[in-house]
Amino acid sequence: MSDAEEETVKGDGTGRLWLAVGVGCLICVGFLVYAVCAGKASLGGRGGVLALALTFYMLFLDRKTETRYLERDLPPKTDDAIGKLEAHHTQTRNALVAVIDWADKHKLPLAVLSIVGTIFAGFGDLAAEYLIAR
Amino acid sequence: MTARKTKSEAAPAAAQLIRDPVSFQGPLQRARARCTSVLTTMATRVRNTEARLHVAMAEYEALETFDELLRAHVENASFRELPGIRSWGRRMAGFYQLRAGPFRGVFLLGKDSKAVVALVFSRQPHDSKKRVRELAAQYRDFDKPAEKPE
């Protein structure tokens, strides 16, 4: 791998996604704690619902790299028709590969927050009821 | 010591820019070639392609911005408007920097602001003050009437 590739591997752009996952988990736990402290078990699941709403926001956290890349006219390696065709093909393929790569990276944080949010939305009130009763 | 001068650009009613071939023009061309290469080479792996393209696009756009700003400053002879460089808390007299994204160009301005030497072009992390001083010593008389190149 070249130095340029090594360097870019360190920052893959999923920081914002995992930050959203962290915030979502905090909201879930926060509402559970609030429900227990307030003695209202019904509030225990609200955090999960908000976390699920946050997963929809995560869908829009991509960097639009492919869009910017495809909107560029990059210099072909040779000036003839074959060179231009090759440049066009390379640009299209690289954009497609980038879309696939981002979709792969996007899946895990989205799944984690969806699962956590769903569990808290469905069972948060029961957990709060149990903790209040203890 | 004879100042190293290669390509001098006389913009109409503007500053005369002298680019140091080793510390400015060379790194600038290499940076441009590097990000163009990433953007125009077919990706063979899916993993981290988005990240590589993202960084290369950011650098490509930063280099375009750098070129535009440099052209504008040469045309308007407005290098004095650029921020200066500090060393140990003190401003280095005559030196100005132009930043775009992760790139920085360091310029040495002549007394009349018409002659400018593009001394160093670097990418983050910038660690070029010593190099700037070494090069500035070689361009001691750059703003005097030009000597015939060897």
# chains A, B, ... in the order shown; residues from 1 in each chain; ligands from 1
$ interface_residues --of "chain A" --to "chain B" --cutoff "7 Å" --atoms "only C-alpha atoms" --output "list in words"
Glu5, Thr8, Val9, Gly11, Asp12, Gly13, Thr65, Tyr69, Ala87, Thr90, Gln91, Asn94, Val97, Ala98, Asp101 and Trp102 of chain A
$ atom_distance --atom1 "CA of Phe79 (chain B)" --atom2 "CA of Asp143 (chain B)"
14.6 Å
$ residues_around --residues "Thr65 (chain B)" --least-positions-apart "2" --cutoff "12 Å" --atoms "only C-alpha atoms" --output "count of residues only"
19
$ atom_distance --atom1 "CA of Ile100 (chain A)" --atom2 "CA of Arg68 (chain A)"
16.0 Å
$ atom_distance --atom1 "CA of Leu74 (chain A)" --atom2 "CA of Val106 (chain B)"
27.8 Å
$ residues_around --residues "Ala51 (chain A)" --least-positions-apart "2" --cutoff "8 Å" --atoms "only C-alpha atoms" --output "list in words"
Gly24, Cys25, Ile27, Cys28, Gly47, Gly48, Val49, Ala53, Leu54, Thr55, Leu113, Ser114, Val116 and Gly117 of chain A
$ write_last_selection --atoms "N, CA and C atoms" --output "mmCIF file, in the first residue's frame"
data_model
loop_
_atom_site.group_PDB
_atom_site.id
_atom_site.type_symbol
_atom_site.label_atom_id
_atom_site.label_comp_id
_atom_site.auth_asym_id
_atom_site.auth_seq_id
_atom_site.Cartn_x
_atom_site.Cartn_y
_atom_site.Cartn_z
ATOM 1 N N GLY A 24 -26.991 8.155 20.901
ATOM 2 C CA GLY A 24 -28.228 7.383 20.973
ATOM 3 C C GLY A 24 -28.269 6.477 22.189
ATOM 4 N N CYS A 25 -27.160 5.809 22.453
ATOM 5 C CA CYS A 25 -27.104 4.922 23.624
ATOM 6 C C CYS A 25 -27.245 5.723 24.921
ATOM 7 N N ILE A 27 -28.841 8.509 25.260
ATOM 8 C CA ILE A 27 -30.255 8.924 25.366
ATOM 9 C C ILE A 27 -31.096 7.777 25.931
ATOM 10 N N CYS A 28 -30.836 6.558 25.444
ATOM 11 C CA CYS A 28 -31.597 5.395 25.910
ATOM 12 C C CYS A 28 -31.393 5.190 27.411
ATOM 13 N N GLY A 47 -36.490 6.889 25.405
ATOM 14 C CA GLY A 47 -35.130 7.047 24.884
ATOM 15 C C GLY A 47 -34.903 6.181 23.658
ATOM 16 N N GLY A 48 -35.452 4.985 23.686
ATOM 17 C CA GLY A 48 -35.308 4.076 22.554
ATOM 18 C C GLY A 48 -35.960 4.631 21.304
ATOM 19 N N VAL A 49 -37.094 5.270 21.487
ATOM 20 C CA VAL A 49 -37.804 5.853 20.338
ATOM 21 C C VAL A 49 -36.978 6.988 19.733
ATOM 22 N N ALA A 53 -35.203 7.414 15.998
ATOM 23 C CA ALA A 53 -35.294 8.608 15.141
ATOM 24 C C ALA A 53 -33.897 9.056 14.712
ATOM 25 N N LEU A 54 -32.948 8.904 15.620
ATOM 26 C CA LEU A 54 -31.568 9.280 15.311
ATOM 27 C C LEU A 54 -30.981 8.412 14.187
ATOM 28 N N THR A 55 -31.425 7.173 14.100
ATOM 29 C CA THR A 55 -30.904 6.317 13.020
ATOM 30 C C THR A 55 -31.308 6.851 11.653
ATOM 31 N N LEU A 113 -27.218 0.907 16.537
ATOM 32 C CA LEU A 113 -28.151 1.859 17.157
ATOM 33 C C LEU A 113 -29.599 1.429 16.960
ATOM 34 N N SER A 114 -29.896 0.830 15.830
ATOM 35 C CA SER A 114 -31.262 0.353 15.593
ATOM 36 C C SER A 114 -31.637 -0.717 16.620
ATOM 37 N N VAL A 116 -30.206 -1.353 19.607
ATOM 38 C CA VAL A 116 -30.259 -0.782 20.960
ATOM 39 C C VAL A 116 -31.543 0.030 21.124
ATOM 40 N N GLY A 117 -31.844 0.872 20.143
ATOM 41 C CA GLY A 117 -33.044 1.702 20.231
ATOM 42 C C GLY A 117 -34.313 0.870 20.285
#
$ select_by_dssp --residues "region 25-124 of chain B" --states "strand (DSSP E)" --output "ChimeraX atom specification"
/B:84-87,90-100,103-109,115-123
$ residues_around --residues "Met58 (chain A)" --least-positions-apart "3" --cutoff "9 Å" --atoms "only C-alpha atoms" --output "ChimeraX atom specification"
/A:16-17,20-21,54-55,61-62,106,109-110
$ write_last_selection --atoms "N, CA, C and O atoms" --output "mmCIF file, in the first residue's frame"
data_model
loop_
_atom_site.group_PDB
_atom_site.id
_atom_site.type_symbol
_atom_site.label_atom_id
_atom_site.label_comp_id
_atom_site.auth_asym_id
_atom_site.auth_seq_id
_atom_site.Cartn_x
_atom_site.Cartn_y
_atom_site.Cartn_z
ATOM 1 N N ARG A 16 -18.361 10.214 12.733
ATOM 2 C CA ARG A 16 -19.663 10.837 13.016
ATOM 3 C C ARG A 16 -20.735 9.795 13.271
ATOM 4 O O ARG A 16 -21.642 10.003 14.081
ATOM 5 N N LEU A 17 -20.642 8.691 12.544
ATOM 6 C CA LEU A 17 -21.653 7.637 12.731
ATOM 7 C C LEU A 17 -21.558 7.050 14.136
ATOM 8 O O LEU A 17 -22.573 6.862 14.815
ATOM 9 N N ALA A 20 -22.868 9.340 16.724
ATOM 10 C CA ALA A 20 -24.331 9.282 16.783
ATOM 11 C C ALA A 20 -24.780 8.044 17.564
ATOM 12 O O ALA A 20 -25.745 8.095 18.333
ATOM 13 N N VAL A 21 -24.080 6.926 17.380
ATOM 14 C CA VAL A 21 -24.409 5.707 18.139
ATOM 15 C C VAL A 21 -24.216 5.955 19.633
ATOM 16 O O VAL A 21 -25.077 5.593 20.455
ATOM 17 N N LEU A 54 -32.948 8.904 15.620
ATOM 18 C CA LEU A 54 -31.568 9.280 15.311
ATOM 19 C C LEU A 54 -30.981 8.412 14.187
ATOM 20 O O LEU A 54 -30.158 8.872 13.397
ATOM 21 N N THR A 55 -31.425 7.173 14.100
ATOM 22 C CA THR A 55 -30.904 6.317 13.020
ATOM 23 C C THR A 55 -31.308 6.851 11.653
ATOM 24 O O THR A 55 -30.571 6.689 10.682
ATOM 25 N N LEU A 61 -25.627 11.152 6.996
ATOM 26 C CA LEU A 61 -24.308 11.556 7.472
ATOM 27 C C LEU A 61 -23.180 11.169 6.517
ATOM 28 O O LEU A 61 -22.022 11.178 6.903
ATOM 29 N N ASP A 62 -23.499 10.843 5.279
ATOM 30 C CA ASP A 62 -22.417 10.505 4.351
ATOM 31 C C ASP A 62 -21.715 11.793 3.888
ATOM 32 O O ASP A 62 -22.259 12.879 4.017
ATOM 33 N N HIS A 106 -21.338 1.869 6.658
ATOM 34 C CA HIS A 106 -22.516 2.469 7.262
ATOM 35 C C HIS A 106 -23.357 1.451 8.021
ATOM 36 O O HIS A 106 -24.065 1.780 8.967
ATOM 37 N N PRO A 109 -22.719 0.629 12.349
ATOM 38 C CA PRO A 109 -23.238 1.591 13.334
ATOM 39 C C PRO A 109 -24.758 1.757 13.248
ATOM 40 O O PRO A 109 -25.429 1.884 14.274
ATOM 41 N N LEU A 110 -25.290 1.708 12.049
ATOM 42 C CA LEU A 110 -26.748 1.833 11.893
ATOM 43 C C LEU A 110 -27.456 0.660 12.572
ATOM 44 O O LEU A 110 -28.457 0.825 13.283
#
$ select_by_dssp --residues "chain B" --states "alpha helix (DSSP H)" --output "number ranges by chain"
B: 26-40, 49-76, 129-138
$ closest_residue --among "B:Gln29, B:Gly94, B:Ala15, B:Gly105" --to "Arg123 (chain B)" --atoms "only C-alpha atoms"
B:Gly105
$ residues_around --residues "Val120 (chain B)" --least-positions-apart "2" --cutoff "7 Å" --atoms "only C-alpha atoms" --output "number ranges by chain"
B: 23-24, 105-106, 118, 122, 132
$ residues_around --residues "region 126-129 of chain A" --least-positions-apart "2" --cutoff "8 Å" --atoms "only C-alpha atoms" --output "VMD selection string"
chain A and resid 32 to 33 35 to 36 40 to 42 44 123 to 124 131 to 133
$ write_last_selection --atoms "N, CA, C and O atoms" --output "mmCIF file, in the first residue's frame"
data_model
loop_
_atom_site.group_PDB
_atom_site.id
_atom_site.type_symbol
_atom_site.label_atom_id
_atom_site.label_comp_id
_atom_site.auth_asym_id
_atom_site.auth_seq_id
_atom_site.Cartn_x
_atom_site.Cartn_y
_atom_site.Cartn_z
ATOM 1 N N LEU A 32 -33.961 5.891 30.760
ATOM 2 C CA LEU A 32 -34.220 4.809 31.717
ATOM 3 C C LEU A 32 -33.934 5.278 33.145
ATOM 4 O O LEU A 32 -34.724 5.066 34.072
ATOM 5 N N VAL A 33 -32.798 5.927 33.291
ATOM 6 C CA VAL A 33 -32.415 6.456 34.617
ATOM 7 C C VAL A 33 -33.435 7.497 35.084
ATOM 8 O O VAL A 33 -33.858 7.513 36.241
ATOM 9 N N ALA A 35 -36.548 7.717 34.209
ATOM 10 C CA ALA A 35 -37.802 7.031 34.542
ATOM 11 C C ALA A 35 -37.740 6.440 35.946
ATOM 12 O O ALA A 35 -38.700 6.521 36.720
ATOM 13 N N VAL A 36 -36.582 5.841 36.264
ATOM 14 C CA VAL A 36 -36.430 5.232 37.597
ATOM 15 C C VAL A 36 -36.430 6.313 38.674
ATOM 16 O O VAL A 36 -37.104 6.197 39.706
ATOM 17 N N LYS A 40 -41.630 6.887 37.115
ATOM 18 C CA LYS A 40 -42.624 6.725 36.037
ATOM 19 C C LYS A 40 -42.062 5.725 35.029
ATOM 20 O O LYS A 40 -41.273 6.085 34.151
ATOM 21 N N ALA A 41 -42.473 4.485 35.141
ATOM 22 C CA ALA A 41 -41.934 3.426 34.282
ATOM 23 C C ALA A 41 -42.217 3.667 32.799
ATOM 24 O O ALA A 41 -41.458 3.252 31.926
ATOM 25 N N SER A 42 -43.311 4.359 32.513
ATOM 26 C CA SER A 42 -43.676 4.557 31.099
ATOM 27 C C SER A 42 -42.660 5.385 30.329
ATOM 28 O O SER A 42 -42.600 5.328 29.106
ATOM 29 N N GLY A 44 -39.516 4.942 30.466
ATOM 30 C CA GLY A 44 -38.309 4.140 30.234
ATOM 31 C C GLY A 44 -38.043 3.833 28.772
ATOM 32 O O GLY A 44 -36.893 3.653 28.366
ATOM 33 N N PHE A 123 -38.699 -2.543 25.583
ATOM 34 C CA PHE A 123 -38.610 -3.100 26.938
ATOM 35 C C PHE A 123 -38.134 -2.100 27.974
ATOM 36 O O PHE A 123 -37.943 -2.475 29.136
ATOM 37 N N GLY A 124 -37.937 -0.872 27.580
ATOM 38 C CA GLY A 124 -37.456 0.127 28.517
ATOM 39 C C GLY A 124 -38.405 0.349 29.666
ATOM 40 O O GLY A 124 -37.980 0.516 30.815
ATOM 41 N N LEU A 131 -36.789 -1.914 37.958
ATOM 42 C CA LEU A 131 -35.813 -1.182 38.777
ATOM 43 C C LEU A 131 -36.514 -0.337 39.829
ATOM 44 O O LEU A 131 -36.018 -0.181 40.950
ATOM 45 N N ILE A 132 -37.668 0.194 39.489
ATOM 46 C CA ILE A 132 -38.417 0.985 40.474
ATOM 47 C C ILE A 132 -38.880 0.101 41.620
ATOM 48 O O ILE A 132 -38.842 0.484 42.799
ATOM 49 N N ALA A 133 -39.293 -1.108 41.267
ATOM 50 C CA ALA A 133 -39.815 -2.028 42.284
ATOM 51 C C ALA A 133 -38.737 -2.534 43.230
ATOM 52 O O ALA A 133 -39.020 -2.904 44.373
#
